[in-house]
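Data block below; observations after.
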Amino acid sequence: MEKQKFILLPVKTTLALRSEDKTINPKVTNFFGRLSSVRSKPMRLVKRLDKPLPVKVIDSVHEQGAKLVELSLDKLPDFQMAYPGMRLVPEVFYKKAIQPPQPLNRLVSVAASTRKKTILTVTDETGVPVKGASVYAYSDVQSGSGVDGKTNSKGKFTISLPGSVKKLEQILIYPPHSYWPSCSKNVSLNQPITISLQPIDVNYEDGVRHFYKTSSLPVIQKDIKVGVIDTGVGPHASLKVEGGACTIPRNRKSDYKDVDNHGTHVAGIIASTKDPIGVAPGVKLYAYRVFPKNGDASNYSIMKAISQAVDDGCLLINLSLGMDEADEATNSQIADAYSRGVICFAATGNEGRQPVFFPAAYSLAIAVTAMGRKGTFPPNTEPIVDVKAPYGKDKKNFVAAFSNIGPQVKMTAPGVGIISCYPGNKFQVLSGTSMACPAATGIAARLLAKEGKIIKKAPTAQRSDEMVKFLLTKLQLMGFGPRYEGKGMLKV
């Protein structure tokens, strides 16, 4: 009997609270209240007086709010007809909004009966091998043909291709941390290849630090809380995490340290207190882990994280994640946050001029594309492949080749070749709308802190409206066009 997980929601919002609103069916409120015992008895099979209901409750966002449930698909019609006035939304999964570790075409391995092997060695600037670096060796970039893998403990990777392939159009190398990712073009396969990586200088002026002189910006003194919903954050000496939660069912709530590196990098762009300094040091940083190790994030976990961030008093929420289809559950939670005076910034996605991903495409989210600037990354490094038209009023500025675009775009921010934190007090260079989104979130926090009056208002939809209108006045058009930049980039 096939089963599937769904998110159970009231019709109008994510909460079925008792109220004076006569449009709310009190039976729905009572039903959600009965399911709230899941907190003490997880995986409880809910029962009626006469017979069991065909639903197993796994987790709950709120006692009278959204539930993660499991249903047999053959019982689904029975449940929906027996319990109208509720929404059943399928559990779906979001990916981190980071640039794919290759250009825009999918990498395809080349099969051949006769292969030629060439040894690639990756080292640092002193010749020390770099292990664990991801290698993407393209015989043809346009078709995505080539081979990929990781360097071994000696920094070596064997490139095995048909003997007819004499050279590689492009080799991209992504070290785990501490070095810039590299790009080498037109590389001969007639002899062993050695590529030396350039170390990260935390004082280098990357895209974020070009547009926002973070070392000279004052530390934020206002009590502004910013939530990062991601892979977790830290540990890192440059980041102070005030609180947070892991919202993945059957995980410890207190386990919100980074299980990858993505969330730490995102958080560093916002709040790093040491070089490279973030755009908004001084904000109170909250971390919400929705990604399991080596996995994607459930819409249920994201809903619960947004709800927790609002309850914790976050003013702004960063969502550097996405998927290509609308998700009713996450959209509903973003709407609830908006109604409580909290706005969500979301990355548009990194599929190369494709439509804006959700949740960024949802009208109440602030959709952020990624732009870059020539000269803010060293020669022969990977960000060079992200340079693409349209160019701005200043021809050194461009919208990243990977950035998704569309009419839902609200703003743009630097997201190409960005230096930020990596767990364990290390540093990493990443590109993506994942990086642009926190740059926008952090600058928004800084601007709102400086203005001050709006954030003191009652946490209602009116406060959200006024925050968005205020930020609109701080946007400057860069010359890319509205589908690429919305109303432009936030200026301080």
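Following the order of the structure tokens, chains are lettered A, B, ..., residues in each are numbered from 1, and ligands are numbered from 1.
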
* To do: Fewer than 4 positions away in the same chain doesn't count, so skip those; otherwise give me all residues within 7 Å of Pro235 (chain A), counting only C-alpha atoms, as a list in words.
  =>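 Here the qualifying residues turn out to be Lys257, Pro423 and Gly424 of chain A.
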
* Asked: Could you name the residues that touch region 450-461 of chain A at 10 Å or less, counting only C-alpha atoms, but leaving out those on the same chain fewer than 6 positions away, as a PyMOL selection string?
  -> chain A and resi 220-224+310+313+315+335-343+444+467+470+492

* Contacts of region 124-138 of chain A at 9 Å or less, counting only C-alpha atoms, minus same-chain residues fewer than 3 places along, as a PyMOL selection string? -> chain A and resi 101-102+107+121+141+144-157+159+168-177+179+195-199

* Could you check which of A:Met489, A:Met435, A:Ala82, A:Leu285 is closest to Ala346 (chain A), using only C-alpha atoms? => A:Met435

* Asked: Out of A:Phe345, A:Pro162, A:Thr14, A:Ser320, which residue has the shortest atom-to-atom distance to Lys116 (chain A) when counting only C-alpha atoms?
  ->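 For Lys116 (chain A), the nearest of the candidates is A:Pro162.
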
* **DSSP strand (DSSP E) residues within region 197-439 of chain A, listed as an NGL selection string** => :A and (225-230 or 241-246 or 284-289 or 297-298 or 316-319 or 321-322 or 343-347 or 366-373 or 397-399 or 409-414 or 418-422 or 426-430)

Set out as CSV a contact list for region 425-455 of chain A and region 394-404 of chain A with a cut-off of 12 Å, giving each residue of region 425-455 of chain A that qualifies its closest atom pair and distance in Å to one decimal, counting only C-alpha atoms, ordered by chain and rising residue number.
residue,atom,partner,partner_atom,distance
A:Ser431,CA,A:Ala400,CA,9.0
A:Gly432,CA,A:Ser403,CA,7.3
A:Thr433,CA,A:Ser403,CA,6.5
A:Ser434,CA,A:Ser403,CA,10.1
A:Met435,CA,A:Ser403,CA,11.2
A:Ala436,CA,A:Ser403,CA,10.0
A:Cys437,CA,A:Ser403,CA,11.6
